[in-house]
$ cat input07.tsv   # TSV, C-alpha atoms (C1' of nucleotides)
chain	number	residue	atom	x	y	z
C	219	MET	CA	104.93	104.13	90.17
C	220	PHE	CA	102.00	103.06	92.27
C	221	ARG	CA	99.68	102.43	89.40
C	222	LEU	CA	97.67	99.28	89.89
C	223	ASP	CA	97.22	96.78	87.10
C	224	GLY	CA	93.50	96.67	87.66
C	225	ARG	CA	93.00	92.94	88.00
C	226	GLN	CA	89.47	92.97	89.30
C	227	ASN	CA	89.71	89.67	91.14
C	228	VAL	CA	92.59	90.90	93.26
C	229	PRO	CA	91.57	93.20	96.12
C	230	ILE	CA	92.93	96.73	95.96
C	231	TYR	CA	94.70	96.48	99.28
C	232	GLU	CA	96.37	93.26	98.11
C	233	GLN	CA	97.54	94.95	94.93
C	234	VAL	CA	99.11	97.71	97.00
C	235	VAL	CA	100.87	95.16	99.17
C	236	ARG	CA	102.30	93.40	96.14
C	237	ARG	CA	103.34	96.64	94.49
C	238	VAL	CA	105.26	97.86	97.51
C	239	LYS	CA	106.98	94.51	97.89
C	240	GLU	CA	108.01	94.62	94.26
C	241	LEU	CA	109.34	98.16	94.51
C	242	THR	CA	111.43	97.34	97.56
C	243	LEU	CA	112.82	94.19	95.96
C	244	ARG	CA	113.69	96.02	92.77
C	245	GLY	CA	115.46	98.64	94.82
C	246	VAL	CA	113.20	101.42	93.66
C	247	LEU	CA	112.22	101.87	97.27
C	248	LYS	CA	115.16	101.70	99.64
C	249	PRO	CA	115.22	101.34	103.43
C	250	GLY	CA	114.35	104.66	105.04
C	251	ASP	CA	112.48	105.97	102.00
C	252	LYS	CA	109.18	107.62	102.75
C	253	LEU	CA	106.07	106.15	101.26
C	254	PRO	CA	103.13	108.26	100.13
C	255	THR	CA	100.82	109.12	102.98
C	256	VAL	CA	97.66	107.13	103.30
C	257	ARG	CA	95.63	110.03	102.01
C	258	GLU	CA	98.02	110.77	99.16
C	259	LEU	CA	98.13	107.22	97.92
C	260	SER	CA	94.39	106.82	98.26
C	261	ALA	CA	94.02	109.85	96.01
C	262	MET	CA	96.55	108.52	93.49
C	263	ILE	CA	94.92	105.16	93.04
C	264	VAL	CA	91.42	106.50	93.59
C	265	ALA	CA	90.58	104.39	96.58
C	266	ASN	CA	89.49	104.83	100.13
C	267	PRO	CA	92.07	105.83	102.74
C	268	ASN	CA	90.94	102.90	104.85
C	269	THR	CA	91.83	100.54	102.06
C	270	VAL	CA	95.34	101.94	101.80
C	271	SER	CA	95.68	101.85	105.57
C	272	LYS	CA	94.77	98.18	105.50
C	273	ALA	CA	97.52	97.54	102.98
C	274	TYR	CA	100.08	99.48	105.04
C	275	GLN	CA	99.15	97.55	108.14
C	276	GLU	CA	99.62	94.26	106.37
C	277	LEU	CA	102.96	95.46	105.06
C	278	GLU	CA	104.02	96.44	108.55
C	279	ARG	CA	103.03	93.03	109.91
C	280	SER	CA	105.26	91.52	107.23
C	281	GLY	CA	108.11	93.79	108.27
C	282	VAL	CA	108.29	95.52	104.90
C	283	ILE	CA	107.57	99.00	106.20
C	284	GLU	CA	107.54	100.88	109.48
C	285	THR	CA	105.03	103.47	110.55
C	286	ARG	CA	106.15	106.33	112.76
C	287	PRO	CA	103.01	107.84	114.29
C	288	GLY	CA	102.51	111.40	113.19
C	289	LYS	CA	105.39	111.24	110.72
C	290	GLY	CA	104.55	108.73	108.06
C	291	THR	CA	105.46	105.31	106.80
C	292	PHE	CA	108.93	104.31	105.73
C	293	VAL	CA	110.61	101.36	104.10
C	294	ALA	CA	112.08	99.10	106.77
C	295	GLU	CA	115.54	97.64	106.87
C	296	ARG	CA	115.62	94.41	104.95
C	297	ILE	CA	116.25	91.59	107.35
C	298	ARG	CA	117.62	88.52	105.64
C	299	VAL	CA	116.91	85.28	107.37
C	300	GLU	CA	116.70	81.71	106.23
C	301	PRO	CA	113.04	81.05	105.37
C	302	ASP	CA	111.57	78.51	107.74
C	303	GLU	CA	109.75	75.39	106.64
C	304	ARG	CA	106.30	76.78	107.27
C	305	ILE	CA	106.91	79.61	104.83
C	306	LYS	CA	108.37	77.24	102.28
C	307	ALA	CA	105.43	74.89	102.57
C	308	ASP	CA	103.09	77.80	102.05
C	309	LEU	CA	104.95	78.98	98.98
C	310	ARG	CA	104.91	75.49	97.51
C	311	GLU	CA	101.18	75.29	98.07
C	312	ARG	CA	100.75	78.53	96.19
C	313	LEU	CA	103.03	77.37	93.42
C	314	TRP	CA	101.27	74.05	92.97
C	315	PRO	CA	98.05	75.11	91.21
C	316	VAL	CA	100.02	77.28	88.81
C	317	VAL	CA	102.13	74.30	87.81
C	318	VAL	CA	99.02	72.14	87.53
C	319	ASP	CA	97.52	74.47	84.96
C	320	ALA	CA	100.83	74.95	83.21
C	321	VAL	CA	101.22	71.21	82.75
C	322	TYR	CA	97.64	70.89	81.69
C	323	PHE	CA	98.09	73.54	79.02
C	324	GLY	CA	101.20	71.81	77.77
C	325	VAL	CA	103.80	74.25	79.01
C	326	ARG	CA	107.16	72.51	79.19
C	327	LEU	CA	109.38	72.48	82.22
C	328	LYS	CA	112.15	74.34	80.44
C	329	GLU	CA	109.89	77.23	79.53
C	330	PHE	CA	108.39	77.41	82.98
C	331	GLU	CA	111.85	77.47	84.52
C	332	ALA	CA	112.76	80.30	82.20
C	333	TRP	CA	109.82	82.28	83.55
C	334	VAL	CA	111.02	81.63	87.07
C	335	ARG	CA	114.55	82.74	86.29
C	336	GLU	CA	113.32	85.91	84.61
C	337	ALA	CA	111.18	86.77	87.61
C	338	PHE	CA	114.06	86.14	90.00
C	339	ASN	CA	116.35	88.32	87.93
C	340	GLU	CA	113.84	91.16	87.79
C	341	LEU	CA	113.54	91.05	91.55
C	342	GLY	CA	117.22	90.71	92.28
C	343	GLY	CA	116.73	87.32	93.84
C	344	GLU	CA	119.80	85.39	94.82
C	345	SER	CA	120.48	82.56	92.48
C	346	GLY	CA	122.81	80.45	94.55
C	347	GLU	CA	124.53	80.39	97.88
C	348	PRO	CA	125.23	83.59	99.80
C	349	LYS	CA	128.19	85.44	98.45
C	350	ALA	CA	130.28	85.01	101.65
R	975	MET	CA	90.44	60.24	96.31
R	976	PHE	CA	88.27	63.32	96.27
R	977	ARG	CA	89.11	64.38	99.76
R	978	LEU	CA	89.69	68.11	99.97
R	979	ASP	CA	92.59	69.53	101.88
R	980	GLY	CA	90.36	72.00	103.63
R	981	ARG	CA	92.22	75.21	102.91
R	982	GLN	CA	89.62	77.62	104.11
R	983	ASN	CA	90.59	80.49	101.85
R	984	VAL	CA	90.12	78.39	98.72
R	985	PRO	CA	86.48	77.99	97.66
R	986	ILE	CA	85.15	74.43	97.68
R	987	TYR	CA	84.29	74.44	94.00
R	988	GLU	CA	87.80	75.61	93.20
R	989	GLN	CA	89.28	72.80	95.26
R	990	VAL	CA	87.20	70.30	93.32
R	991	VAL	CA	88.39	71.78	90.04
R	992	ARG	CA	92.02	71.50	91.08
R	993	ARG	CA	91.57	67.99	92.40
R	994	VAL	CA	90.06	66.71	89.18
R	995	LYS	CA	92.77	68.35	87.12
R	996	GLU	CA	95.41	66.73	89.29
R	997	LEU	CA	93.82	63.30	89.05
R	998	THR	CA	93.61	63.49	85.28
R	999	LEU	CA	97.20	64.68	84.96
R	1000	ARG	CA	98.47	61.94	87.26
R	1001	GLY	CA	96.58	59.42	85.18
R	1002	VAL	CA	94.38	58.31	88.04
R	1003	LEU	CA	91.44	59.48	85.98
R	1004	LYS	CA	91.69	58.48	82.35
R	1005	PRO	CA	89.70	59.71	79.35
R	1006	GLY	CA	86.27	58.11	79.35
R	1007	ASP	CA	86.28	57.44	83.07
R	1008	LYS	CA	83.09	58.30	84.86
R	1009	LEU	CA	83.21	60.87	87.59
R	1010	PRO	CA	81.04	60.67	90.69
R	1011	THR	CA	77.63	62.13	90.10
R	1012	VAL	CA	76.97	65.60	91.38
R	1013	ARG	CA	74.90	64.22	94.22
R	1014	GLU	CA	77.39	61.51	95.07
R	1015	LEU	CA	80.35	63.84	95.22
R	1016	SER	CA	78.42	66.43	97.15
R	1017	ALA	CA	77.70	63.74	99.73
R	1018	MET	CA	81.34	62.62	99.83
R	1019	ILE	CA	82.81	66.03	100.46
R	1020	VAL	CA	79.81	67.21	102.46
R	1021	ALA	CA	78.87	70.09	100.24
R	1022	ASN	CA	75.90	71.32	98.31
R	1023	PRO	CA	75.13	69.72	94.95
R	1024	ASN	CA	75.07	73.17	93.41
R	1025	THR	CA	78.63	73.72	94.53
R	1026	VAL	CA	79.79	70.52	92.85
R	1027	SER	CA	77.80	71.39	89.77
R	1028	LYS	CA	79.59	74.71	89.60
R	1029	ALA	CA	82.92	72.91	89.70
R	1030	TYR	CA	81.87	70.48	86.98
R	1031	GLN	CA	80.70	73.31	84.78
R	1032	GLU	CA	83.99	75.08	85.13
R	1033	LEU	CA	85.81	71.85	84.34
R	1034	GLU	CA	83.70	71.40	81.25
R	1035	ARG	CA	84.45	74.94	80.08
R	1036	SER	CA	88.11	74.08	80.44
R	1037	GLY	CA	87.63	70.93	78.39
R	1038	VAL	CA	88.70	68.63	81.21
R	1039	ILE	CA	85.43	66.74	81.41
R	1040	GLU	CA	82.33	66.17	79.31
R	1041	THR	CA	78.78	65.95	80.56
R	1042	ARG	CA	76.34	63.69	78.80
R	1043	PRO	CA	72.84	64.78	79.88
R	1044	GLY	CA	71.08	62.01	81.77
R	1045	LYS	CA	74.16	59.81	81.86
R	1046	GLY	CA	76.80	61.54	83.87
R	1047	THR	CA	80.12	63.30	83.56
R	1048	PHE	CA	83.20	61.73	82.05
R	1049	VAL	CA	86.84	62.60	81.64
R	1050	ALA	CA	87.41	64.15	78.25
R	1051	GLU	CA	90.04	63.23	75.73
R	1052	ARG	CA	93.18	65.14	76.44
R	1053	ILE	CA	93.79	67.52	73.61
R	1054	ARG	CA	97.40	68.58	73.43
R	1055	VAL	CA	97.95	71.89	71.76
R	1056	GLU	CA	100.66	74.46	72.01
R	1057	PRO	CA	99.57	76.90	74.69
R	1058	ASP	CA	98.85	80.30	73.18
R	1059	GLU	CA	100.35	83.53	74.41
R	1060	ARG	CA	97.29	84.61	76.31
R	1061	ILE	CA	97.41	81.51	78.45
R	1062	LYS	CA	101.12	81.88	79.00
R	1063	ALA	CA	100.74	85.49	80.01
R	1064	ASP	CA	98.06	84.50	82.47
R	1065	LEU	CA	100.20	81.78	83.97
R	1066	ARG	CA	103.12	84.16	84.37
R	1067	GLU	CA	100.87	86.65	86.10
R	1068	ARG	CA	99.86	83.96	88.55
R	1069	LEU	CA	103.44	82.87	89.04
R	1070	TRP	CA	104.71	86.37	89.67
R	1071	PRO	CA	103.37	87.05	93.19
R	1072	VAL	CA	104.61	83.66	94.35
R	1073	VAL	CA	108.11	84.49	93.17
R	1074	VAL	CA	107.87	87.93	94.75
R	1075	ASP	CA	107.22	86.45	98.15
R	1076	ALA	CA	109.78	83.71	97.62
R	1077	VAL	CA	112.48	86.25	96.88
R	1078	TYR	CA	111.37	88.40	99.76
R	1079	PHE	CA	111.64	85.49	102.15
R	1080	GLY	CA	115.07	84.69	100.87
R	1081	VAL	CA	114.32	81.54	98.92
R	1082	ARG	CA	117.05	80.95	96.39
R	1083	LEU	CA	116.47	80.33	92.72
R	1084	LYS	CA	117.92	76.84	92.86
R	1085	GLU	CA	115.55	75.73	95.58
R	1086	PHE	CA	112.56	77.27	93.87
R	1087	GLU	CA	113.46	75.54	90.63
R	1088	ALA	CA	113.68	72.27	92.51
R	1089	TRP	CA	110.10	72.79	93.68
R	1090	VAL	CA	109.04	73.39	90.11
R	1091	ARG	CA	110.76	70.27	88.85
R	1092	GLU	CA	109.22	68.16	91.60
R	1093	ALA	CA	105.76	69.44	90.76
R	1094	PHE	CA	106.27	68.80	87.07
R	1095	ASN	CA	107.46	65.28	87.78
R	1096	GLU	CA	104.51	64.52	90.03
R	1097	LEU	CA	102.16	65.64	87.30
R	1098	GLY	CA	103.90	63.89	84.48
R	1099	GLY	CA	104.70	67.18	82.80
R	1100	GLU	CA	106.90	67.07	79.75
R	1101	SER	CA	110.35	68.31	80.50
R	1102	GLY	CA	111.67	68.97	77.03
R	1103	GLU	CA	110.66	68.93	73.44
R	1104	PRO	CA	107.93	66.61	72.19
R	1105	LYS	CA	109.13	63.06	71.74
R	1106	ALA	CA	108.71	63.08	67.94
S	407	DC	C1'	99.52	126.98	122.23
S	408	DT	C1'	97.72	126.62	117.42
S	409	DA	C1'	97.46	124.67	113.15
S	410	DT	C1'	98.46	120.99	110.32
S	411	DA	C1'	99.70	116.34	108.81
S	412	DT	C1'	100.29	111.79	110.13
S	413	DG	C1'	98.28	106.82	110.88
S	414	DT	C1'	94.49	104.75	113.02
S	415	DA	C1'	89.84	103.47	115.03
S	416	DC	C1'	85.10	103.45	114.69
S	417	DT	C1'	80.28	102.95	112.78
S	418	DA	C1'	77.38	102.37	108.96
S	419	DT	C1'	76.36	101.03	104.33
S	420	DT	C1'	76.79	98.75	99.88
S	421	DA	C1'	78.36	95.22	96.69
S	422	DT	C1'	80.12	90.81	95.60
S	423	DG	C1'	81.21	85.97	96.02
S	424	DC	C1'	80.57	81.50	98.25
S	425	DA	C1'	77.64	78.20	100.04
S	426	DT	C1'	73.38	76.31	101.42
S	427	DA	C1'	68.33	74.73	101.16
S	428	DG	C1'	64.71	73.46	98.50
S	429	DT	C1'	62.17	72.79	94.35
S	430	DA	C1'	61.68	71.83	89.64
S	431	DC	C1'	62.75	70.32	84.88
S	432	DA	C1'	64.68	68.07	80.50
S	433	DT	C1'	67.19	64.12	79.28
S	434	DA	C1'	68.57	59.33	79.33
S	435	DT	C1'	68.07	54.61	80.90
S	436	DC	C1'	65.75	50.48	82.54
F	621	DG	C1'	56.40	54.67	84.49
F	622	DA	C1'	60.23	54.91	87.62
F	623	DT	C1'	64.77	56.32	88.32
F	624	DA	C1'	69.15	58.76	87.81
F	625	DT	C1'	71.48	62.24	85.45
F	626	DG	C1'	72.99	67.40	85.10
F	627	DT	C1'	70.94	71.77	85.39
F	628	DA	C1'	68.04	76.01	86.49
F	629	DC	C1'	65.79	78.72	89.68
F	630	DT	C1'	64.66	81.41	93.99
F	631	DA	C1'	65.78	82.58	98.53
F	632	DT	C1'	68.76	83.00	102.45
F	633	DG	C1'	72.98	83.43	105.29
F	634	DC	C1'	77.59	84.72	105.68
F	635	DA	C1'	82.15	86.70	104.95
F	636	DT	C1'	85.08	89.92	102.61
F	637	DA	C1'	86.10	94.17	100.20
F	638	DA	C1'	85.32	98.82	99.65
F	639	DT	C1'	83.24	103.06	100.56
F	640	DA	C1'	81.73	107.37	103.39
F	641	DG	C1'	82.18	109.97	107.25
F	642	DT	C1'	83.78	111.17	111.71
F	643	DA	C1'	86.98	111.26	115.33
F	644	DC	C1'	91.35	110.80	117.91
F	645	DA	C1'	96.43	110.45	119.46
F	646	DT	C1'	100.79	111.72	117.86
F	647	DA	C1'	104.32	114.54	115.73
F	648	DT	C1'	105.91	118.76	113.70
F	649	DA	C1'	106.10	123.68	112.15
F	650	DG	C1'	104.60	128.26	113.07

$ encode --input "input07.tsv" --output "structure tokens"
Amino acid sequence: MFRLDGRQNVPIYEQVVRRVKELTLRGVLKPGDKLPTVRELSAMIVANPNTVSKAYQELERSGVIETRPGKGTFVAERIRVEPDERIKADLRERLWPVVVDAVYFGVRLKEFEAWVREAFNELGGESGEPKA
Amino acid sequence: MFRLDGRQNVPIYEQVVRRVKELTLRGVLKPGDKLPTVRELSAMIVANPNTVSKAYQELERSGVIETRPGKGTFVAERIRVEPDERIKADLRERLWPVVVDAVYFGVRLKEFEAWVREAFNELGGESGEPKA
DNA sequence: CTATATGTACTATTATGCATAGTACATATC
DNA sequence: GATATGTACTATGCATAATAGTACATATAG
């Protein structure tokens, strides 16, 4: 469940952050669920507790989880807000180099869009307007 | 033309690589065109010649440019091949975390797809099947 | 209160990547 | 020969990531 893919260029703490985000989006982790303790998770993925703590702190800053001192860390309630322009601009900046390489390698728009749709579906992303 | 956007988290040499790829895709740089010399470009962007050299070497490994010893570096002929599965898998891995955050921030599929289309259009990416 | 588990803070150390400075060299051109 | 090209090399500085180890405030169970 918390197994890391082992991409060496991606920092461990960043991999943890991504993994937890994925699990919450997929619904595997639901609001209120307890996450492994820092020490537990550090043992699972064979890393330093400080590294896991760093990941948890970043996740808390992002509002993904909540830490209750002395108790543990828990998945936070999902707050749905309209993404502001700063966030969108940042996402587009991150998307850009991927598209650059895709175009360079001859990937066609239709195929790339298919990848996007698949990813959205896997993550339960909303495809259109809010459902009322 | 070679001005860097100054994103601090992106290494200089990586910014150069992206910039050259963009310029070739947009058609600003055409096959056979001469690039600035290592020393020239390093002066333009105020960086070390070694840093520019590193970028050029990576671009040559990718087949974007060719270096003729003693003469300079030139834009290579664009070889169009069907991207193999390894490249596609790599691109999808790079796309994935962007989509994760997009979904988390509430970006809808339609808007994200619009971003993709815009990027493809800017880069002259092919939108459908080859034109015969 | 005691013992335990929680996240966190702190210092110190190591490893890696990025960038710089400076020098040098083989190749090509004039 | 002089110059311009990309490249190789060593050395240094700096930031980030990760580790090891210790310690502390908080919460909970006995």

$ closest_atom_pairs --input "input07.tsv" --of "chain R" --to "chain F" --cutoff "10 Å" --atoms "all atoms listed in the file" --output "tab-separated table"
residue	atom	partner	partner_atom	distance
R:Thr1011	CA	F:DT625	C1'	7.7
R:Val1012	CA	F:DG626	C1'	7.6
R:Arg1013	CA	F:DT625	C1'	9.6
R:Asn1024	CA	F:DT627	C1'	9.1
R:Ser1027	CA	F:DG626	C1'	7.8
R:Tyr1030	CA	F:DG626	C1'	9.6
R:Gln1031	CA	F:DG626	C1'	9.7
R:Thr1041	CA	F:DG626	C1'	7.5
R:Arg1042	CA	F:DG626	C1'	8.0
R:Pro1043	CA	F:DG626	C1'	5.8
R:Gly1044	CA	F:DT625	C1'	3.7
R:Lys1045	CA	F:DT625	C1'	5.1
R:Gly1046	CA	F:DT625	C1'	5.6
R:Thr1047	CA	F:DG626	C1'	8.4

$ interface_residues --input "input07.tsv" --of "chain S" --to "chain C" --cutoff "8 Å" --atoms "only C-alpha atoms (C1' of nucleotides)" --output "ChimeraX atom specification"
/S:411-413

$ closest_atom_pairs --input "input07.tsv" --of "chain C" --to "chain R" --cutoff "6 Å" --atoms "only C-alpha atoms" --output "CSV"
residue,atom,partner,partner_atom,distance
C:Pro301,CA,R:Phe1079,CA,5.7
C:Val321,CA,R:Gly1099,CA,5.3
C:Phe323,CA,R:Pro1057,CA,5.7
C:Arg326,CA,R:Ser1101,CA,5.4
C:Leu327,CA,R:Ser1101,CA,4.6
C:Gly343,CA,R:Val1077,CA,5.3
C:Glu344,CA,R:Arg1082,CA,5.5
C:Ser345,CA,R:Leu1083,CA,4.6

$ atom_distance --input "input07.tsv" --atom1 "CA of Leu978 (chain R)" --atom2 "CA of Arg1035 (chain R)"
21.7 Å

$ atom_distance --input "input07.tsv" --atom1 "CA of Val991 (chain R)" --atom2 "CA of Glu1040 (chain R)"
13.5 Å

$ atom_distance --input "input07.tsv" --atom1 "CA of Leu997 (chain R)" --atom2 "CA of Met1018 (chain R)"
16.5 Å
